[in-house]
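Undergrad: I have a structure here, written as structure tokens, and I will follow up with some questions on it.
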Amino acid sequence: MENLLEIKNLRVVYKTERATGQALNGMSITLKPGESLGLVGEAGAGKTTTALSILNLLPRAGHILEGEVLFHGKNVLKMSKKELQNMRGHQISMIFQNPLTSLNPVFTVGEQIEMVLRHHLHMKPKQAEERAKELLESVGIPAYRLHEYPVQFSGGMRQRVGIAAGIACNPELLIADEPTTALDVTIQAQILELMKLLQEQHKTSLLMITHNLGIISELCENVAVMYAGRVIEYGSVEEVFAHPSHPYTRGLLGALPDMEKNQERLTSIPGTVADAQNLPEGCRFHPRCEHCMEQCRSKQPYPIALNHRHMVECFMYEGGDGQ
Amino acid sequence: MYFLRFVGKRILQTVIVLFFVSVIAFALIRIAPGNPATLLLPDNATEEQIQEKEAELGLDKPVVIQYLNYMGGVLRGDLGTSYNYQQPVTKVFFSRFPNTLRLTVAMMLICLACGIPLGIIAGIKQGTVIDFVAMIFALLGQSMSNVWLAVLNIYIFAVWLGWLPSVGVGGMEYLILPALTLGYPLSATTCRLGRSGMIDVLREDYITCTKAKGIPDYLVYCKYAFKNALIPIVTVVGSQFGLFLGGSVVVETIFSWSGIGQLLNQAIGNRDYELVQSSLLLIACMCAVVYLLIDIINALIDPRITLD
Amino acid sequence: MDKKIILRRIRHSRFMIVGAVVLVFILALSLLAPVVCQFDPEASSIAERLLPPEWLSHGMAGHILGTDELGRDVFTRLLYGARISIMIAVAVCCSAAVLGTALGLTAGYFGKKVDMVIMRAMEVIQAIPDIVLAICVLSLLGPSTLNLIIVLLIGRTPMFCRLARNNTLVYRNAEFVKASRSMGAGRAHIIFTQILPNITTPLIVQLSQAFGSNIMIESSLSFLGLGIQQPQPSWGNMIAAGRKFLATDPWVCFAPGVALMLIVLAFNFLGDGLRDVLDPKRT
């Protein structure tokens with residue numbers, strides 16, 4: 001099947017007056033139609049940068065050095081303004097991390113949903129209003145609240161509004177950038193339930209960005225683990241969760257409490273997240289890795305396929321041995 | 001509901017402020033050296049005549065009673081009589097008011113036509129040549145004192161080019177120079193406010209979010225970002241409008257534009273106490289009402305103001 | 001904020017450097033006025049009235065910017081006028097900043113009735129246009145430098161007060177303030193060591209911008225004959241005097257006008273630069 005989205009060797013830097021930060025260092029992923037992919041990693045691993053690159057919406061300080069983002073085989077980074085505007089919100093839509101800041105405070109929630117409908121589906125204002133009401137009900141908000149302002153909604157409700165606007169045009173790809181991080185745990189479950197339902201109904205592809213492994217196992221078929229701007233392990237959720245191969249992934253999973261095993265204590269990954277302004281040579285993870293070998297300090301590891309559903313970037317698996 | 005409560009609260013505040021303004025206006029006149037009664041009499045008036053006059057004016061009563069008498073009159077619409085013009089204050093004041101209003105409206109139009117669009121464009125095009133030009137325009141405008149700009153305008157357009165009359169009240173040609181003198185600095189201020197407001201808003205998450213929805217740039221800037229950047233502009237432009245409704249003393253004096261500012265300046269010079277006191281009150285009233293309107297407009301723009 | 005970053009930003013802020021250089025130049029010239037100038041700013045000599053500028057053709061001994069209608073050297077009067085304008089601006093703005101901040105902190109921190117009283121008082125002041133209030137007070141109490149300072153001080157205080165109050169409100173309930181309150185910190189400690197340091201940046205920026213506008217208002221009042229009185233020179237009363245000769249001898253007006261514009265521009269450059277340099281949101 002043709003790939004819906006393909007990111008190839010993307011390199012992005014942020015230039016600020018203090019320093020230059022390397023956000024993405026050869027990021028590559030692919031996504032097929034209808035697939036749901038989870039993107040995990042610690043804060044600063046480049047998850048949000050990846051999401052914004054897909055829409056070609058990096059902030060001023062962000063510069064793309066090389067790489068391609070192909071959507072239906074067409075490079076998003078080379079699209080005209082018009083093409084971009086037609087794609088954003090229509091074919092690809094995005095749900096933002098913080099619902100408290102991602103809704104415009106001086107427009108009603110109705111307007112923020114209707115603008116998408118009017119613009120992409122060329123609906124008349126009346127028609128758009130009707131449709132917006134339906135969308136609100138489908139995310140569990142009573143239709144009469146259409147004319148209220150974001151400030152009158154709680155965080156969870158605002159994220160529902162964000163989702164309603166995101167699915168308004170039935171996009172082929174929905175990017176959810178940590179949609180539940182800013183919410184209470186009980187609300188998180190509701191939002192995830194809602195997203196799962198909507199994804200099944202609409203057959204939308206989903207790129208779920210999160211640092212929460214539980215969400216991935218709940219919602220996604222495949223998972224890509226990011227570290228310092230690269231995907232260091234990729235595979236189906238069952239495969240990766242059952243046989244985590246990269247020391248970093250193992251660390252991530254080991255840091256989760258497991259109810260079935262009787263663990264004395266949780267393991268943690270030593271050290272701190274790689275500093276984007278000052279990345280280590282060779283494998284970016286080597287200063288924190290307990291299996292660090294000589295070549296890890298100088299050479300960047302390349303992707304190694306463990307089986308047809310599992311890929312890892314680590315020298316431990318060179319030549320097929322390792323585990 | 002919230003909105004009405006907000007408006008009610010603001011009206012109450014306005015009334016309180018106006019009460020204190022009336023006290024201050026009243027007190028200022030009493031503190032001032034000199035006796036109003038002597039001013040109305042010939043220089044060689046006897047002590048008896050002065051006392052008689054004071055009684056006639058009610059100046060022999062305790063200050064509190066004088067104040068209450070005055071305010072009683074104000075509430076009935078009687079703002080006293082101008083000694084100098086020998087006419088009711090309201091009549092003198094409102095005969096001059098249309099001139100000031102014309103000047104103020106012209107100033108606002110200049111500001112709306114130049115300052116706001118330039119500021120918005122500069123904010124969107126931050127760091128470009130347009131931005132630089134707008135900033136120079138704004139910084140120069142903010143550094144022009146009314147006095148200097150008025151003199152410069154007269155020199156360039158009246159003396160040097162001879163296009164426009166330098167002073168006086170009349171048709172459009174008389175209005176241009178004073179309006180320009182008031183309008184340029186205000187345009188400069190709004191240009192900068194618009195620019196910094198736009199820059200701040202464009203950094204916000206919800207603007208990225210709107211762009212991510214594929215809304216065309218012109219709509220993102222002119223509708224979705226502009227409304228957010230509008231509040232500081234409304235506040236400043238509105239309060240300037242309110243303040244200049246009370247007349248610009250300097251500009252009206254230089255251009256011999258017979259408006260409120262000039263009237264007030266002359267009234268003070270002539271020690272026309274009732275006229276000064278009541279004009280102050282009227283000016284403060286207009287200001288307070290305009291401030292109230294600004295708050296209401298802002299509350300209509302941004303629901304957070306009433307809901308928080 | 002990091003001192004290094006601030007220093008680096010200052011070095012990169014051209015506007016700010018230009019503003020600072022022009023200001024230092026004007027300050028130095030006006031402080032050295034008695035040394036630089038050969039003429040008495042107030043002594044008139046009818047024989048030399050309305051001489052056009054000689055620029056530097058006679059060096060410092062000539063009438064560089066010409067003479068006014070009473071034969072006084074315009075350049076000399078310009079420098080002496082700068083002294084008084086700057087002195088008044090500094091006195092007014094600094095005391096307004098201190099007074100306004102004190103009132104704003106009090107209103108913001110204590111809230112409720114205290115806030116109500118202080119803020120209504122500020123609104124009363126703001127309901128009367130600055131210059132109208134100044135004209136009333138000055139013409140009723142008589143124009144003197146002290147009265148001028150007092151009246152300008154009254155007009156300048158509310159904006160500092162509002163700014164200080166609004167920022168205090170932001171920090172009053174901040175986590176770190178709650179934390180130190182829970183550790184038993186007293187009011188004075190919280191106000192002066194927890195809140196005040198956090199609200200100074202916008203106040204400094206406001207202060208630098210207030211200098212310029214204060215010089216403008218002072219010149220307007222002097223122009224109307226209510227501020228600095230002739231024969232003492234001030235830029236405002238120099239423009240007022242020169243206005244009658246605008247058509248024939250424009251330099252009498254232009255010299256103080258351009259000087260006024262330059263100094264306000266310099267203050268605005270400095271204020272703008274400061275705002276950029278101290279901007280915590282800047283990346």
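Scheme for the structure tokens: letters A, B, ... for chains in order shown; per-chain residue numbers from 1; ligand numbers from 1 in order shown.
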Please find the residues of chain C near chain B - the criterion being any atom within 6 Å, counting only C-alpha atoms - and write them as a VMD selection string.
TA: chain C and resid 124 127 to 129 140 216 257 261 264 to 265
Undergrad: Write a file of the just-selected residues containing C-alpha atoms, as a PDB file, in the first residue's frame.
TA:
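As a result, selection_24.pdb now contains:
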```pdb
ATOM      1  CA  VAL C 124      -9.962  60.900  39.616  1.00  0.00           C
ATOM      2  CA  ALA C 127     -10.305  61.939  34.572  1.00  0.00           C
ATOM      3  CA  ILE C 128      -8.861  65.440  34.327  1.00  0.00           C
ATOM      4  CA  PRO C 129      -6.479  65.817  31.384  1.00  0.00           C
ATOM      5  CA  LEU C 140      -4.256  79.467  40.592  1.00  0.00           C
ATOM      6  CA  MET C 216       7.206  67.452  26.348  1.00  0.00           C
ATOM      7  CA  GLY C 257      12.151  72.734  18.673  1.00  0.00           C
ATOM      8  CA  MET C 261      12.678  66.553  19.418  1.00  0.00           C
ATOM      9  CA  VAL C 264      12.752  63.113  23.477  1.00  0.00           C
ATOM     10  CA  LEU C 265      13.829  60.890  20.599  1.00  0.00           C
TER      11      LEU C 265
END
```
Undergrad: What are the residues of chain A lining chain B at 8 Å or less? Count only C-alpha atoms, and put the answer as an NGL selection string.
TA: :A and (55 or 57 or 84-90 or 93-94 or 96 or 101-106 or 115-116 or 119 or 149 or 151-152 or 166)
Undergrad: Go ahead and write the selection's residues with C-alpha atoms as a compact mmCIF listing (two decimals), in the first residue's frame.
TA:
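Now in selection-v8.txt:
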```
# COMPACT_ATOMS: atom_id res chain seq x y z
CA LEU A 55 2.35 20.95 8.63
CA LEU A 57 4.49 25.35 10.62
CA LEU A 84 -0.41 24.18 2.30
CA GLN A 85 -3.59 25.98 3.30
CA ASN A 86 -5.68 23.41 1.48
CA MET A 87 -3.87 20.57 3.18
CA ARG A 88 -3.81 21.97 6.72
CA GLY A 89 -7.00 21.39 8.65
CA HIS A 90 -8.52 19.53 5.71
CA SER A 93 -5.31 18.29 11.19
CA MET A 94 -3.63 18.67 14.51
CA PHE A 96 -2.51 20.74 20.33
CA THR A 101 -3.76 28.19 25.11
CA SER A 102 -4.72 26.64 21.79
CA LEU A 103 -8.20 28.16 21.59
CA ASN A 104 -8.52 31.81 20.70
CA PRO A 105 -9.96 33.50 23.82
CA VAL A 106 -11.90 36.22 22.00
CA MET A 115 -14.07 28.55 10.41
CA VAL A 116 -12.70 25.20 9.28
CA HIS A 119 -13.11 27.51 4.63
CA TYR A 149 -16.25 31.38 24.86
CA VAL A 151 -12.95 30.76 29.11
CA GLN A 152 -16.34 29.27 30.07
CA GLY A 166 -9.73 18.62 14.23
```
Undergrad: Please report the interatomic distance between CA of Gly171 (chain B) and CA of Cys111 (chain B) in Å with one decimal.
TA: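 Taking CA of Gly171 (chain B) as the start and CA of Cys111 (chain B) as the end point, the length is 20.6 Å.
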Undergrad: Would you pick out the contacts of region 30-43 of chain A at 7 Å or less, using only C-alpha atoms, so that residues sharing its chain but fewer than 4 positions from it are not included, and give the list as a list in words?
TA: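 Contacts, with the query itself left out: Glu2, Asn3, Leu4, Leu5, Glu6, Ile7, Lys203, Thr204, Ser205, Leu206, Leu207, Met208, Ile209, Thr210, His211, Ile216, Cys220, Glu221, Asn222, Val223, Ala224, Val225, Met226 and Tyr227 of chain A.
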Undergrad: Once you have the residues from the selection above, write them out as a PDB file, in the first residue's frame, restricted to N, CA and C atoms.
TA:
```pdb
ATOM      1  N   GLU A   2       0.391   2.297  -0.657  1.00  0.00           N
ATOM      2  CA  GLU A   2       1.143   3.559  -0.737  1.00  0.00           C
ATOM      3  C   GLU A   2       1.224   4.187   0.656  1.00  0.00           C
ATOM      4  N   ASN A   3       2.354   4.826   0.927  1.00  0.00           N
ATOM      5  CA  ASN A   3       2.468   5.506   2.209  1.00  0.00           C
ATOM      6  C   ASN A   3       1.661   6.785   2.206  1.00  0.00           C
ATOM      7  N   LEU A   4       0.982   7.039   3.334  1.00  0.00           N
ATOM      8  CA  LEU A   4       0.255   8.299   3.456  1.00  0.00           C
ATOM      9  C   LEU A   4       1.242   9.414   3.776  1.00  0.00           C
ATOM     10  N   LEU A   5       2.107   9.108   4.728  1.00  0.00           N
ATOM     11  CA  LEU A   5       3.068  10.116   5.172  1.00  0.00           C
ATOM     12  C   LEU A   5       4.437   9.470   5.269  1.00  0.00           C
ATOM     13  N   GLU A   6       5.427  10.180   4.807  1.00  0.00           N
ATOM     14  CA  GLU A   6       6.784   9.660   4.894  1.00  0.00           C
ATOM     15  C   GLU A   6       7.718  10.805   5.238  1.00  0.00           C
ATOM     16  N   ILE A   7       8.389  10.671   6.337  1.00  0.00           N
ATOM     17  CA  ILE A   7       9.392  11.674   6.692  1.00  0.00           C
ATOM     18  C   ILE A   7      10.747  11.045   6.457  1.00  0.00           C
ATOM     19  N   LYS A 203     -11.955   6.002  10.210  1.00  0.00           N
ATOM     20  CA  LYS A 203     -10.822   5.353   9.528  1.00  0.00           C
ATOM     21  C   LYS A 203      -9.679   6.340   9.275  1.00  0.00           C
ATOM     22  N   THR A 204      -9.488   7.237  10.206  1.00  0.00           N
ATOM     23  CA  THR A 204      -8.434   8.240  10.077  1.00  0.00           C
ATOM     24  C   THR A 204      -7.105   7.636  10.513  1.00  0.00           C
ATOM     25  N   SER A 205      -6.020   8.066   9.847  1.00  0.00           N
ATOM     26  CA  SER A 205      -4.699   7.707  10.368  1.00  0.00           C
ATOM     27  C   SER A 205      -4.406   8.611  11.550  1.00  0.00           C
ATOM     28  N   LEU A 206      -3.654   8.055  12.483  1.00  0.00           N
ATOM     29  CA  LEU A 206      -3.405   8.838  13.690  1.00  0.00           C
ATOM     30  C   LEU A 206      -1.918   8.848  13.997  1.00  0.00           C
ATOM     31  N   LEU A 207      -1.392  10.042  14.232  1.00  0.00           N
ATOM     32  CA  LEU A 207      -0.023  10.139  14.747  1.00  0.00           C
ATOM     33  C   LEU A 207      -0.144  10.645  16.166  1.00  0.00           C
ATOM     34  N   MET A 208       0.056   9.724  17.113  1.00  0.00           N
ATOM     35  CA  MET A 208      -0.155  10.057  18.517  1.00  0.00           C
ATOM     36  C   MET A 208       1.190  10.355  19.158  1.00  0.00           C
ATOM     37  N   ILE A 209       1.356  11.607  19.573  1.00  0.00           N
ATOM     38  CA  ILE A 209       2.612  11.993  20.185  1.00  0.00           C
ATOM     39  C   ILE A 209       2.413  12.024  21.689  1.00  0.00           C
ATOM     40  N   THR A 210       3.258  11.349  22.402  1.00  0.00           N
ATOM     41  CA  THR A 210       3.061  11.292  23.848  1.00  0.00           C
ATOM     42  C   THR A 210       4.335  10.821  24.526  1.00  0.00           C
ATOM     43  N   HIS A 211       4.400  11.012  25.848  1.00  0.00           N
ATOM     44  CA  HIS A 211       5.473  10.360  26.583  1.00  0.00           C
ATOM     45  C   HIS A 211       4.889   9.272  27.473  1.00  0.00           C
ATOM     46  N   ILE A 216      -0.049   4.715  24.252  1.00  0.00           N
ATOM     47  CA  ILE A 216       0.371   4.052  23.018  1.00  0.00           C
ATOM     48  C   ILE A 216      -0.234   2.648  22.940  1.00  0.00           C
ATOM     49  N   CYS A 220      -2.523   2.588  19.723  1.00  0.00           N
ATOM     50  CA  CYS A 220      -1.733   2.510  18.495  1.00  0.00           C
ATOM     51  C   CYS A 220      -1.413   1.084  18.071  1.00  0.00           C
ATOM     52  N   GLU A 221      -1.186   0.942  16.747  1.00  0.00           N
ATOM     53  CA  GLU A 221      -0.709  -0.338  16.229  1.00  0.00           C
ATOM     54  C   GLU A 221       0.798  -0.387  16.282  1.00  0.00           C
ATOM     55  N   ASN A 222       1.420   0.708  15.846  1.00  0.00           N
ATOM     56  CA  ASN A 222       2.874   0.772  15.783  1.00  0.00           C
ATOM     57  C   ASN A 222       3.389   1.865  16.702  1.00  0.00           C
ATOM     58  N   VAL A 223       4.658   1.724  17.059  1.00  0.00           N
ATOM     59  CA  VAL A 223       5.249   2.727  17.935  1.00  0.00           C
ATOM     60  C   VAL A 223       6.656   3.075  17.443  1.00  0.00           C
ATOM     61  N   ALA A 224       6.974   4.360  17.517  1.00  0.00           N
ATOM     62  CA  ALA A 224       8.333   4.808  17.211  1.00  0.00           C
ATOM     63  C   ALA A 224       8.868   5.496  18.439  1.00  0.00           C
ATOM     64  N   VAL A 225      10.038   5.066  18.903  1.00  0.00           N
ATOM     65  CA  VAL A 225      10.627   5.656  20.093  1.00  0.00           C
ATOM     66  C   VAL A 225      11.677   6.671  19.650  1.00  0.00           C
ATOM     67  N   MET A 226      11.551   7.887  20.135  1.00  0.00           N
ATOM     68  CA  MET A 226      12.494   8.934  19.721  1.00  0.00           C
ATOM     69  C   MET A 226      13.476   9.246  20.814  1.00  0.00           C
ATOM     70  N   TYR A 227      14.713   9.511  20.407  1.00  0.00           N
ATOM     71  CA  TYR A 227      15.695  10.021  21.347  1.00  0.00           C
ATOM     72  C   TYR A 227      16.580  11.018  20.613  1.00  0.00           C
TER      73      TYR A 227
END
```
Undergrad: Within 10 Å of chain C, which residues of chain A show up when using only C-alpha atoms, listed as an mmCIF file with N, CA and C atoms, in the first residue's frame?
TA:
```cif
data_model
loop_
_atom_site.group_PDB
_atom_site.id
_atom_site.type_symbol
_atom_site.label_atom_id
_atom_site.label_comp_id
_atom_site.auth_asym_id
_atom_site.auth_seq_id
_atom_site.Cartn_x
_atom_site.Cartn_y
_atom_site.Cartn_z
ATOM 1 N N LYS A 15 17.504 28.194 16.110
ATOM 2 C CA LYS A 15 18.553 29.182 16.383
ATOM 3 C C LYS A 15 17.993 30.246 17.315
ATOM 4 N N THR A 16 18.542 30.345 18.511
ATOM 5 C CA THR A 16 18.158 31.416 19.421
ATOM 6 C C THR A 16 19.408 32.243 19.686
ATOM 7 N N GLU A 17 19.229 33.353 20.408
ATOM 8 C CA GLU A 17 20.396 34.216 20.613
ATOM 9 C C GLU A 17 21.430 33.537 21.505
ATOM 10 N N ARG A 18 21.002 32.559 22.283
ATOM 11 C CA ARG A 18 21.936 31.899 23.174
ATOM 12 C C ARG A 18 22.743 30.822 22.446
ATOM 13 N N ALA A 61 12.216 30.639 14.640
ATOM 14 C CA ALA A 61 13.563 30.233 15.020
ATOM 15 C C ALA A 61 13.941 28.873 14.419
#
```
Undergrad: Output as a VMD selection string all residues of region 48-287 of chain A that backbone DSSP marks as strand (DSSP E or B).
TA: chain A and resid 62 to 71 74 to 75 88 92 to 95 173 to 177 205 to 210 222 to 227 230 to 236
Undergrad: Please save N, CA and C atoms of the selected residues as a short mmCIF file (atom, residue, chain, number, x, y, z; two decimals), in the first residue's frame.
TA:
```cif
data_model
loop_
_atom_site.label_atom_id
_atom_site.label_comp_id
_atom_site.auth_asym_id
_atom_site.auth_seq_id
_atom_site.Cartn_x
_atom_site.Cartn_y
_atom_site.Cartn_z
N GLY A 62 12.94 28.11 13.95
CA GLY A 62 13.22 26.76 13.44
C GLY A 62 13.64 26.78 11.98
N HIS A 63 14.72 26.06 11.66
CA HIS A 63 15.19 26.00 10.28
C HIS A 63 15.35 24.55 9.86
N ILE A 64 14.82 24.23 8.67
CA ILE A 64 14.96 22.87 8.17
C ILE A 64 16.24 22.80 7.34
N LEU A 65 17.19 21.97 7.75
CA LEU A 65 18.47 21.90 7.05
C LEU A 65 18.41 20.93 5.89
N GLU A 66 17.85 19.75 6.13
CA GLU A 66 17.68 18.82 5.01
C GLU A 66 16.53 17.87 5.31
N GLY A 67 16.19 17.07 4.33
CA GLY A 67 15.14 16.08 4.53
C GLY A 67 13.86 16.45 3.80
N GLU A 68 12.94 15.49 3.79
CA GLU A 68 11.67 15.67 3.09
C GLU A 68 10.54 15.22 3.99
N VAL A 69 9.39 15.86 3.81
CA VAL A 69 8.17 15.37 4.43
C VAL A 69 7.20 15.11 3.29
N LEU A 70 6.94 13.84 2.98
CA LEU A 70 6.09 13.53 1.84
C LEU A 70 4.70 13.14 2.34
N PHE A 71 3.70 13.87 1.84
CA PHE A 71 2.32 13.52 2.14
C PHE A 71 1.69 13.13 0.81
N LYS A 74 3.94 13.90 -2.00
CA LYS A 74 4.28 15.28 -2.36
C LYS A 74 5.00 15.95 -1.19
N ASN A 75 6.09 16.67 -1.50
CA ASN A 75 6.88 17.25 -0.42
C ASN A 75 6.20 18.48 0.18
N ARG A 88 -3.66 21.80 5.27
CA ARG A 88 -3.81 21.97 6.72
C ARG A 88 -5.27 22.04 7.11
N ILE A 92 -4.82 17.07 6.74
CA ILE A 92 -4.10 16.78 7.98
C ILE A 92 -4.58 17.77 9.02
N SER A 93 -5.02 17.30 10.16
CA SER A 93 -5.31 18.29 11.19
C SER A 93 -4.60 17.89 12.47
N MET A 94 -4.47 18.87 13.33
CA MET A 94 -3.63 18.67 14.51
C MET A 94 -4.37 19.08 15.77
N ILE A 95 -4.19 18.28 16.81
CA ILE A 95 -4.74 18.63 18.12
C ILE A 95 -3.57 19.02 18.99
N LEU A 173 -5.28 12.37 8.05
CA LEU A 173 -4.30 12.18 9.12
C LEU A 173 -4.60 13.14 10.25
N LEU A 174 -4.64 12.58 11.45
CA LEU A 174 -4.85 13.40 12.63
C LEU A 174 -3.59 13.32 13.47
N ILE A 175 -3.00 14.49 13.73
CA ILE A 175 -1.81 14.51 14.59
C ILE A 175 -2.27 14.98 15.97
N ALA A 176 -2.02 14.17 16.97
CA ALA A 176 -2.39 14.56 18.32
C ALA A 176 -1.11 14.75 19.12
N ASP A 177 -0.82 16.00 19.46
CA ASP A 177 0.43 16.30 20.17
C ASP A 177 0.16 16.32 21.67
N SER A 205 -6.02 8.07 9.85
CA SER A 205 -4.70 7.71 10.37
C SER A 205 -4.41 8.61 11.55
N LEU A 206 -3.65 8.06 12.48
CA LEU A 206 -3.41 8.84 13.69
C LEU A 206 -1.92 8.85 14.00
N LEU A 207 -1.39 10.04 14.23
CA LEU A 207 -0.02 10.14 14.75
C LEU A 207 -0.14 10.64 16.17
N MET A 208 0.06 9.72 17.11
CA MET A 208 -0.16 10.06 18.52
C MET A 208 1.19 10.35 19.16
N ILE A 209 1.36 11.61 19.57
CA ILE A 209 2.61 11.99 20.18
C ILE A 209 2.41 12.02 21.69
N THR A 210 3.26 11.35 22.40
CA THR A 210 3.06 11.29 23.85
C THR A 210 4.33 10.82 24.53
N ASN A 222 1.42 0.71 15.85
CA ASN A 222 2.87 0.77 15.78
C ASN A 222 3.39 1.86 16.70
N VAL A 223 4.66 1.72 17.06
CA VAL A 223 5.25 2.73 17.94
C VAL A 223 6.66 3.08 17.44
N ALA A 224 6.97 4.36 17.52
CA ALA A 224 8.33 4.81 17.21
C ALA A 224 8.87 5.50 18.44
N VAL A 225 10.04 5.07 18.90
CA VAL A 225 10.63 5.66 20.09
C VAL A 225 11.68 6.67 19.65
N MET A 226 11.55 7.89 20.13
CA MET A 226 12.49 8.93 19.72
C MET A 226 13.48 9.25 20.81
N TYR A 227 14.71 9.51 20.41
CA TYR A 227 15.70 10.02 21.35
C TYR A 227 16.58 11.02 20.61
N ARG A 230 15.95 11.52 16.77
CA ARG A 230 15.97 10.38 15.86
C ARG A 230 15.03 9.30 16.37
N VAL A 231 14.52 8.48 15.44
CA VAL A 231 13.78 7.30 15.86
C VAL A 231 14.80 6.21 16.15
N ILE A 232 14.87 5.73 17.38
CA ILE A 232 15.88 4.74 17.71
C ILE A 232 15.31 3.32 17.78
N GLU A 233 13.98 3.24 17.82
CA GLU A 233 13.38 1.92 17.76
C GLU A 233 11.99 2.05 17.18
N TYR A 234 11.65 1.13 16.28
CA TYR A 234 10.34 1.21 15.64
C TYR A 234 9.81 -0.19 15.48
N GLY A 235 8.50 -0.36 15.66
CA GLY A 235 7.93 -1.67 15.43
C GLY A 235 6.48 -1.69 15.85
N SER A 236 5.85 -2.87 15.73
CA SER A 236 4.46 -2.95 16.17
C SER A 236 4.45 -2.88 17.70
#
```
Undergrad: Determine, counting only C-alpha atoms, which protein, DNA and RNA residues have an atom within 12 Å of an atom of Val139 (chain A); residues of the same chain fewer than 6 positions away are not included. Present the result as a CSV table (one decimal) with N, CA and C atoms, in the first residue's frame.
TA:
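So the final result, stored in around_30.csv, reads:
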```csv
chain,number,residue,atom,x,y,z
A,132,ALA,N,-21.5,22.3,13.1
A,132,ALA,CA,-20.6,22.5,14.3
A,132,ALA,C,-21.4,22.0,15.5
A,133,LYS,N,-22.7,22.2,15.5
A,133,LYS,CA,-23.5,21.6,16.7
A,133,LYS,C,-23.4,20.1,16.7
A,156,GLY,N,-10.7,19.9,30.0
A,156,GLY,CA,-11.1,18.7,29.2
A,156,GLY,C,-12.1,19.1,28.1
A,157,MET,N,-13.0,20.0,28.5
A,157,MET,CA,-14.0,20.4,27.5
A,157,MET,C,-13.4,21.1,26.3
A,158,ARG,N,-12.4,22.0,26.6
A,158,ARG,CA,-11.7,22.7,25.6
A,158,ARG,C,-11.0,21.7,24.7
A,159,GLN,N,-10.4,20.7,25.2
A,159,GLN,CA,-9.7,19.7,24.4
A,159,GLN,C,-10.7,19.0,23.5
A,160,ARG,N,-11.9,18.8,24.0
A,160,ARG,CA,-13.0,18.2,23.2
A,160,ARG,C,-13.3,19.1,22.0
A,161,VAL,N,-13.3,20.4,22.3
A,161,VAL,CA,-13.6,21.4,21.2
A,161,VAL,C,-12.5,21.3,20.2
A,162,GLY,N,-11.2,21.2,20.7
A,162,GLY,CA,-10.1,21.1,19.8
A,162,GLY,C,-10.2,19.9,18.9
A,163,ILE,N,-10.7,18.8,19.5
A,163,ILE,CA,-10.9,17.5,18.7
A,163,ILE,C,-12.0,17.7,17.7
A,164,ALA,N,-13.1,18.4,18.1
A,164,ALA,CA,-14.2,18.6,17.2
A,164,ALA,C,-13.7,19.4,16.0
A,165,ALA,N,-12.9,20.4,16.2
A,165,ALA,CA,-12.4,21.2,15.1
A,165,ALA,C,-11.4,20.3,14.3
A,166,GLY,N,-10.7,19.5,14.9
A,166,GLY,CA,-9.7,18.6,14.2
A,166,GLY,C,-10.4,17.6,13.3
A,167,ILE,N,-11.5,17.1,13.7
A,167,ILE,CA,-12.1,16.0,12.9
A,167,ILE,C,-13.2,16.6,11.9
A,168,ALA,N,-13.4,18.0,12.0
A,168,ALA,CA,-14.5,18.6,11.3
A,168,ALA,C,-14.5,18.2,9.8
A,190,GLN,N,-11.3,9.7,29.4
A,190,GLN,CA,-12.4,10.1,28.5
A,190,GLN,C,-12.0,10.5,27.1
A,191,ILE,N,-11.0,11.4,27.1
A,191,ILE,CA,-10.5,12.0,25.9
A,191,ILE,C,-10.0,10.9,25.0
A,192,LEU,N,-9.2,9.9,25.6
A,192,LEU,CA,-8.6,8.8,24.8
A,192,LEU,C,-9.7,7.9,24.2
A,193,GLU,N,-10.7,7.7,25.1
A,193,GLU,CA,-11.8,6.9,24.6
A,193,GLU,C,-12.5,7.5,23.4
A,194,LEU,N,-12.7,8.8,23.5
A,194,LEU,CA,-13.3,9.5,22.5
A,194,LEU,C,-12.5,9.5,21.2
A,195,MET,N,-11.1,9.6,21.3
A,195,MET,CA,-10.3,9.6,20.1
A,195,MET,C,-10.3,8.2,19.5
A,196,LYS,N,-10.3,7.2,20.3
A,196,LYS,CA,-10.3,5.8,19.8
A,196,LYS,C,-11.6,5.6,19.0
A,197,LEU,N,-12.7,6.0,19.6
A,197,LEU,CA,-14.0,5.9,18.9
A,197,LEU,C,-14.0,6.6,17.6
A,198,LEU,N,-13.6,7.9,17.6
A,198,LEU,CA,-13.6,8.7,16.4
A,198,LEU,C,-12.7,8.1,15.3
```
Undergrad: Running DSSP on the backbone, which parts of region 11-210 of chain C land in alpha helix (DSSP H), as a PyMOL selection string?
TA: chain C and resi 11-12+14-31+33-36+74-110+112-127+130-141+145-172+175-182+187-189+196-210
Undergrad: Measure the distance from CA of Phe245 (chain C) to CA of Leu263 (chain B) in Å and round it to one decimal.
TA: 25.4 Å
Undergrad: Quick one: everything within 9 Å of region 175-191 of chain B, counting only C-alpha atoms, minus sequence neighbours fewer than 4 positions away in the same chain. Send it as a ChimeraX atom specification.
TA: /B:102-120,122,134-135,137-147,149-150,153-154,157,164-171,195-196,232-233,236-237,240,248,251-252,254-255,257
